[in-house]
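The next block is upload32.cif, given as mmCIF, C-alpha atoms.
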```
data_my_file
#
loop_
_atom_site.label_atom_id
_atom_site.label_comp_id
_atom_site.auth_asym_id
_atom_site.auth_seq_id
_atom_site.Cartn_x
_atom_site.Cartn_y
_atom_site.Cartn_z
CA ALA R 1 -26.69 4.95 3.95
CA GLY R 2 -26.26 3.76 0.38
CA ASP R 3 -28.64 4.92 -2.36
CA ALA R 4 -31.48 7.32 -1.56
CA LEU R 5 -34.80 7.79 -3.32
CA LEU R 6 -36.04 11.39 -3.47
CA ARG R 7 -39.66 12.09 -4.37
CA LEU R 8 -40.12 15.63 -5.71
CA THR R 9 -43.33 17.60 -6.13
CA PHE R 10 -43.49 20.60 -8.50
CA SER R 11 -46.29 23.14 -8.66
CA ASP R 12 -46.86 26.41 -10.55
CA GLY R 13 -49.96 27.22 -8.55
CA GLN R 14 -52.28 25.68 -11.08
CA ALA R 15 -50.88 22.26 -11.93
CA MET R 16 -48.84 19.77 -9.92
CA ALA R 17 -46.31 17.19 -11.10
CA MET R 18 -44.35 14.55 -9.19
CA ALA R 19 -41.02 12.90 -9.98
CA SER R 20 -38.68 10.41 -8.33
CA LEU R 21 -34.90 10.79 -8.27
CA THR R 22 -32.46 8.11 -7.13
CA VAL R 23 -29.19 9.42 -5.69
CA THR R 24 -26.58 6.67 -5.89
CA SER R 25 -23.63 6.19 -3.56
CA ASP R 26 -21.01 3.47 -3.16
CA SER R 27 -20.33 4.44 0.48
CA ILE R 28 -22.18 3.47 3.64
CA TYR R 29 -21.35 5.06 7.01
CA VAL R 30 -21.94 3.08 10.19
CA THR R 31 -22.99 5.49 12.95
CA SER R 32 -24.81 3.26 15.46
CA THR R 33 -23.54 0.67 17.94
CA SER R 34 -26.86 -1.19 17.87
CA ASP R 35 -27.29 -4.59 16.24
CA GLN R 36 -30.29 -3.53 14.16
CA ARG R 37 -30.58 -5.69 11.02
CA ASN R 38 -33.73 -4.24 9.38
CA VAL R 39 -32.68 -1.19 7.39
CA ASP R 40 -34.04 1.99 8.99
CA PRO R 41 -31.61 4.93 8.53
CA SER R 42 -33.87 7.26 10.54
CA ASN R 43 -32.08 6.23 13.77
CA GLY R 44 -28.55 5.80 12.44
CA THR R 45 -27.00 2.90 10.56
CA SER R 46 -25.66 -0.19 12.32
CA LEU R 47 -23.05 -2.59 10.96
CA GLY R 48 -25.79 -5.17 10.38
CA GLU R 49 -27.87 -2.68 8.40
CA ALA R 50 -24.84 -1.65 6.35
CA VAL R 51 -24.10 -5.28 5.45
CA ALA R 52 -27.77 -5.79 4.52
CA ILE R 53 -27.57 -2.82 2.13
CA VAL R 54 -24.40 -4.24 0.54
CA GLN R 55 -26.09 -7.61 0.05
CA THR R 56 -28.81 -6.10 -2.13
CA ALA R 57 -26.66 -3.54 -3.96
CA THR R 58 -25.98 -4.00 -7.66
CA THR R 59 -22.54 -2.34 -7.48
CA ALA R 60 -19.56 -2.72 -5.16
CA MET R 61 -19.90 -0.73 -1.94
CA THR R 62 -17.57 0.26 0.89
CA ILE R 63 -18.53 0.48 4.56
CA TYR R 64 -16.96 3.27 6.62
CA MET R 65 -16.99 3.27 10.41
CA SER R 66 -17.84 6.79 11.62
CA SER R 67 -15.45 8.72 13.85
CA SER R 68 -18.26 8.78 16.43
CA LEU R 69 -17.51 5.07 16.99
CA ALA R 70 -13.96 5.71 18.24
CA GLY R 71 -13.50 3.63 21.40
CA ALA R 72 -16.94 2.03 20.93
CA THR R 73 -17.93 -1.65 21.10
CA LEU R 74 -20.21 -3.19 18.48
CA GLN R 75 -21.96 -6.22 19.97
CA LEU R 76 -23.29 -8.77 17.48
CA ASN R 77 -26.19 -10.71 18.99
CA THR R 78 -26.43 -13.18 16.10
CA ASP R 79 -24.02 -14.23 13.35
CA LEU R 80 -23.48 -11.63 10.62
CA THR R 81 -22.92 -13.15 7.17
CA ILE R 82 -20.77 -11.43 4.54
CA GLY R 83 -22.11 -12.73 1.23
CA LYS R 84 -20.19 -10.44 -1.13
CA ASN R 85 -16.69 -9.06 -1.46
CA LEU R 86 -16.65 -6.20 1.03
CA THR R 87 -14.24 -3.52 2.22
CA LEU R 88 -14.74 -2.12 5.72
CA ILE R 89 -12.70 1.00 6.57
CA ALA R 90 -12.22 1.85 10.25
CA SER R 91 -9.39 4.41 10.16
CA ASN R 92 -11.54 7.14 11.74
CA ALA R 93 -12.83 4.91 14.56
CA ASN R 94 -9.70 4.42 16.66
CA ASN R 95 -9.91 1.57 19.21
CA LEU R 96 -13.13 0.20 17.75
CA THR R 97 -14.07 -3.29 19.01
CA ILE R 98 -16.37 -5.79 17.31
CA GLN R 99 -17.46 -8.69 19.52
CA GLY R 100 -20.24 -11.19 20.21
CA ALA R 101 -21.54 -13.61 17.57
CA SER R 102 -19.48 -14.60 14.53
CA LEU R 103 -18.64 -12.73 11.37
CA VAL R 104 -19.26 -15.34 8.66
CA ILE R 105 -17.48 -14.87 5.31
CA SER R 106 -19.35 -17.16 2.96
CA GLY R 107 -18.17 -18.85 -0.23
CA SER R 108 -15.05 -17.43 -1.84
CA ASN R 109 -15.82 -13.86 -0.81
CA THR R 110 -13.21 -11.54 0.73
CA LEU R 111 -13.70 -9.26 3.71
CA THR R 112 -11.06 -6.52 3.67
CA PHE R 113 -10.64 -4.73 7.00
CA MET R 114 -8.69 -1.54 6.38
CA SER R 115 -7.53 0.69 9.22
CA ASN R 116 -4.66 3.06 9.90
CA SER R 117 -5.51 3.06 13.60
CA ALA R 118 -6.04 0.41 16.30
CA ALA R 119 -9.02 -1.96 16.20
CA SER R 120 -10.10 -5.30 17.67
CA ILE R 121 -12.23 -8.15 16.38
CA ALA R 122 -12.88 -10.16 19.54
CA ASN R 123 -15.42 -12.55 18.05
CA SER R 124 -14.73 -15.49 15.75
CA ILE R 125 -14.55 -15.16 11.97
CA ALA R 126 -16.21 -18.19 10.40
CA GLY R 127 -16.86 -19.46 6.88
CA SER R 128 -14.71 -20.44 3.92
CA GLY R 129 -13.96 -16.92 2.67
CA HIS R 130 -10.81 -14.83 2.75
CA PHE R 131 -9.96 -12.23 5.41
CA HIS R 132 -7.65 -9.40 4.36
CA LYS R 133 -6.13 -6.96 6.86
CA SER R 134 -4.82 -3.79 5.21
CA GLY R 135 -3.79 -0.33 6.40
CA ASN R 136 -0.94 0.64 8.74
CA GLY R 137 -2.84 0.20 12.01
CA GLN R 138 -2.86 -2.71 14.46
CA LEU R 139 -5.72 -5.21 14.34
CA VAL R 140 -6.18 -7.58 17.28
CA LEU R 141 -7.89 -10.89 16.51
CA GLY R 142 -9.15 -12.28 19.80
CA GLY R 143 -11.71 -14.96 18.95
CA LYS R 144 -11.25 -18.67 18.33
CA GLN R 145 -11.38 -18.93 14.57
CA THR R 146 -13.34 -21.71 12.87
CA ARG R 147 -12.77 -20.45 9.33
CA THR R 148 -10.96 -22.43 6.63
CA GLY R 149 -10.08 -19.52 4.35
CA ASN R 150 -6.79 -17.66 4.11
CA ILE R 151 -5.69 -14.58 6.05
CA THR R 152 -3.72 -11.85 4.30
CA VAL R 153 -1.83 -9.14 6.18
CA SER R 154 -0.69 -6.74 3.48
CA ALA R 155 0.27 -3.87 5.82
CA GLY R 156 0.31 -2.92 9.48
CA SER R 157 0.18 -5.39 12.35
CA LEU R 158 -1.99 -8.41 13.10
CA SER R 159 -1.89 -9.23 16.82
CA ILE R 160 -2.97 -12.60 18.23
CA SER R 161 -2.68 -14.34 21.60
CA ASP R 162 -1.97 -17.80 20.18
CA ALA R 163 -2.62 -20.07 17.20
CA GLN R 164 -6.36 -20.45 17.86
CA ASN R 165 -6.82 -16.83 16.73
CA LEU R 166 -5.74 -17.84 13.21
CA THR R 167 -7.67 -19.89 10.67
CA ALA R 168 -6.68 -23.22 9.16
CA GLY R 169 -5.78 -21.55 5.86
CA VAL R 170 -2.60 -19.99 4.56
CA LEU R 171 -1.26 -16.89 6.31
CA GLU R 172 -0.08 -14.42 3.67
CA LEU R 173 2.23 -12.00 5.44
CA GLY R 174 3.40 -8.64 4.18
CA GLY R 175 3.30 -6.76 7.49
CA THR R 176 3.80 -7.68 11.15
CA LEU R 177 2.56 -10.74 13.03
CA ALA R 178 2.62 -10.20 16.81
CA VAL R 179 2.05 -13.27 19.03
CA GLY R 180 1.24 -12.66 22.70
CA GLN R 181 2.08 -15.99 24.32
CA ALA R 182 3.86 -19.32 23.78
CA THR R 183 2.22 -21.33 21.00
CA GLU R 184 2.77 -23.45 17.89
CA ILE R 185 1.51 -22.12 14.56
CA GLY R 186 1.05 -24.85 11.97
CA ASN R 187 -0.24 -22.66 9.17
CA ALA R 188 1.64 -22.43 5.91
CA ILE R 189 3.06 -18.89 5.75
CA ARG R 190 3.53 -17.17 2.41
CA LEU R 191 5.62 -14.00 2.54
CA ILE R 192 4.15 -11.40 0.15
CA GLY R 193 6.53 -8.66 1.31
CA ASN R 194 9.34 -8.14 3.80
CA SER R 195 7.70 -8.90 7.14
CA MET R 196 8.18 -8.62 10.89
CA LEU R 197 7.58 -11.29 13.54
CA SER R 198 7.37 -10.53 17.26
CA HIS R 199 6.44 -12.97 20.05
CA GLN R 200 6.22 -12.78 23.84
CA GLY R 201 6.69 -16.51 24.51
CA GLU R 202 8.39 -19.49 22.89
CA LEU R 203 7.10 -19.84 19.34
CA VAL R 204 7.14 -22.81 16.99
CA LEU R 205 6.39 -22.29 13.30
CA SER R 206 5.80 -25.82 12.02
CA GLY R 207 4.20 -24.94 8.69
CA THR R 208 6.11 -24.21 5.51
CA ILE R 209 7.36 -20.63 5.07
CA SER R 210 7.75 -19.57 1.44
CA GLY R 211 8.17 -16.42 -0.64
CA ASN R 212 11.06 -14.38 -2.01
CA PHE R 213 11.03 -11.93 0.87
CA ASN R 214 12.75 -11.55 4.24
CA LEU R 215 11.36 -12.20 7.71
CA HIS R 216 12.68 -9.91 10.47
CA ARG R 217 12.28 -11.26 13.98
CA PHE R 218 11.96 -8.98 17.02
CA ALA R 219 11.84 -11.13 20.17
CA PHE R 220 13.95 -12.48 23.01
CA GLN R 221 12.12 -15.81 23.33
CA LYS R 222 13.02 -19.06 21.57
CA LEU R 223 11.87 -19.46 17.97
CA THR R 224 11.76 -22.86 16.27
CA LEU R 225 11.26 -23.29 12.51
CA SER R 226 10.42 -26.92 11.79
CA GLY R 227 8.78 -26.73 8.37
CA ASN R 228 10.29 -27.31 4.93
CA ASN R 229 11.01 -23.64 4.42
CA SER R 230 12.04 -21.70 1.33
CA PHE R 231 12.12 -17.92 1.73
CA GLY R 232 14.53 -14.98 1.51
CA SER R 233 16.19 -14.82 4.92
CA LEU R 234 15.55 -14.62 8.65
CA SER R 235 17.14 -11.72 10.52
CA PHE R 236 17.11 -10.74 14.19
CA VAL R 237 16.30 -7.16 15.12
#
```
Would it be possible to restate this file's structure as structure tokens?
Amino acid sequence: AGDALLRLTFSDGQAMAMASLTVTSDSIYVTSTSDQRNVDPSNGTSLGEAVAIVQTATTAMTIYMSSSLAGATLQLNTDLTIGKNLTLIASNANNLTIQGASLVISGSNTLTFMSNSAASIANSIAGSGHFHKSGNGQLVLGGKQTRTGNITVSAGSLSISDAQNLTAGVLELGGTLAVGQATEIGNAIRLIGNSMLSHQGELVLSGTISGNFNLHRFAFQKLTLSGNNSFGSLSFV
């Protein structure tokens, strides 16, 4: 996980010499479902350990969720703070779930969650930072969000039950927003690409929708737009 320090001993049978070699890596692989926070790679690497390594790294690092975590649940027992810009890639861990205590994105940092498969974040995402969902997979946000930062969906689908699963910030939408039940979403929505909206119950979008892109709606329930909107067009699929 991360950089490794190798200590080498050389001997010609008469004299002995020792040297240290640091092998650098910008990738960390999470292989354990535990919530270990003290770094000890001898028993696998947890998400908390991976974040701890990133915090002390001098270069940008990416966290990969191992394929062994497909269908697994990562339970956070205490809040996990993201104190740097961080990309977490979960494409190989289909149906991964993160739950428990909060993920806290501090300051103006960005947590990018990239996955081309299904994943769920069932806990809250707190802090003032930015959450970016990328990749073609579906990400389910299930926790009540207390964060003030923006959410960006640049690809794939972001699935929520209702408005409490979103933050108070701007929703930048370039993929699909799927809403599971009747609710009112007051967030400003900025279209950063042609986007899709689906909803299972009556939906009110009371925030301003802007952007020079189109919003395609796939739903049979009532949709109300009550904001001062300025965007490409709204079509019904």
- Message: the PyMOL selection byres ((chain R and resi 166) around 9) - which residues does that actually catch in the file I just gave you? List them as a PyMOL selection string.
- Response: chain R and resi 141+143-147+151+160+162-165+167-169+171+185+187
- Name the residues that the PyMOL selection byres ((chain R and resi 183) around 6) pulls out of this structure, and write them as a PyMOL selection string. chain R and resi 162+182+184+203
- Determine, counting all atoms listed in the file, every residue of protein, DNA or RNA that lies within 9 Å of (-0.2, -0.4, 15.1) in the file coordinates, then give the result as a PyMOL selection string. chain R and resi 116-118+136-139+156-158
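Between R:Ile98 and the candidates R:Ala60, R:Val204, R:Leu74, R:Ile192, the tightest atom-to-atom separation, counting all atoms listed in the file, involves R:Leu74.
Residue nearest R:Ser210, chosen from R:Asn229, R:Ser124, R:Ser134, R:Ser115 and counting all atoms listed in the file: R:Asn229.
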- Message: My list of candidates is R:Phe213, R:Leu197, R:Ala188, R:Ala155. Which is closest to R:Ser226 when distances are computed with all atoms listed in the file?
- Response: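 Of the candidates, the smallest distance to R:Ser226 is held by R:Ala188.
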- From R:Asn43, R:Ser27, R:Gly227, R:Ala93, residue lying nearest R:Ser66 [all atoms listed in the file]: R:Ala93
- Query: If you measure from atom CA of R:His199 to atom CA of R:Thr112, what distance in Å do you get, rounded to one decimal?
  - Reply: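 Those two atoms sit 24.8 Å apart.
Distance annotation: of R:Arg190, R:His130, R:His216, R:Lys84, the residue with the minimal separation from R:Ser230 is R:Arg190; atom set is all atoms listed in the file.
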- Task: Mind giving me the straight-line distance from atom CA of R:Leu103 to atom CA of R:Thr78 in Å, one decimal?
- Result: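 Pair atom CA of R:Leu103 / atom CA of R:Thr78 returns 9.1 Å.
Counting from atom CA of R:Leu205, the distance to atom CA of R:Ser106 is 28.2 Å.
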- Target residues per the PyMOL selection byres ((chain R and resi 221) around 8), formatted as an NGL selection string: :R and (199-203 or 219-220 or 222-223)
- Choose the residue, out of R:Thr152, R:Ser34, R:Ser102, R:Thr73, that has the smallest atom-to-atom separation from R:Thr176; count all atoms listed in the file. R:Thr152
- Shell of 9 Å around R:Gly193, all atoms listed in the file, local chain residues under 3 positions omitted, as a list in words: Ser154, Leu173, Gly174, Gly175, Gly211, Asn212, Phe213, Asn214 and Leu215 of chain R
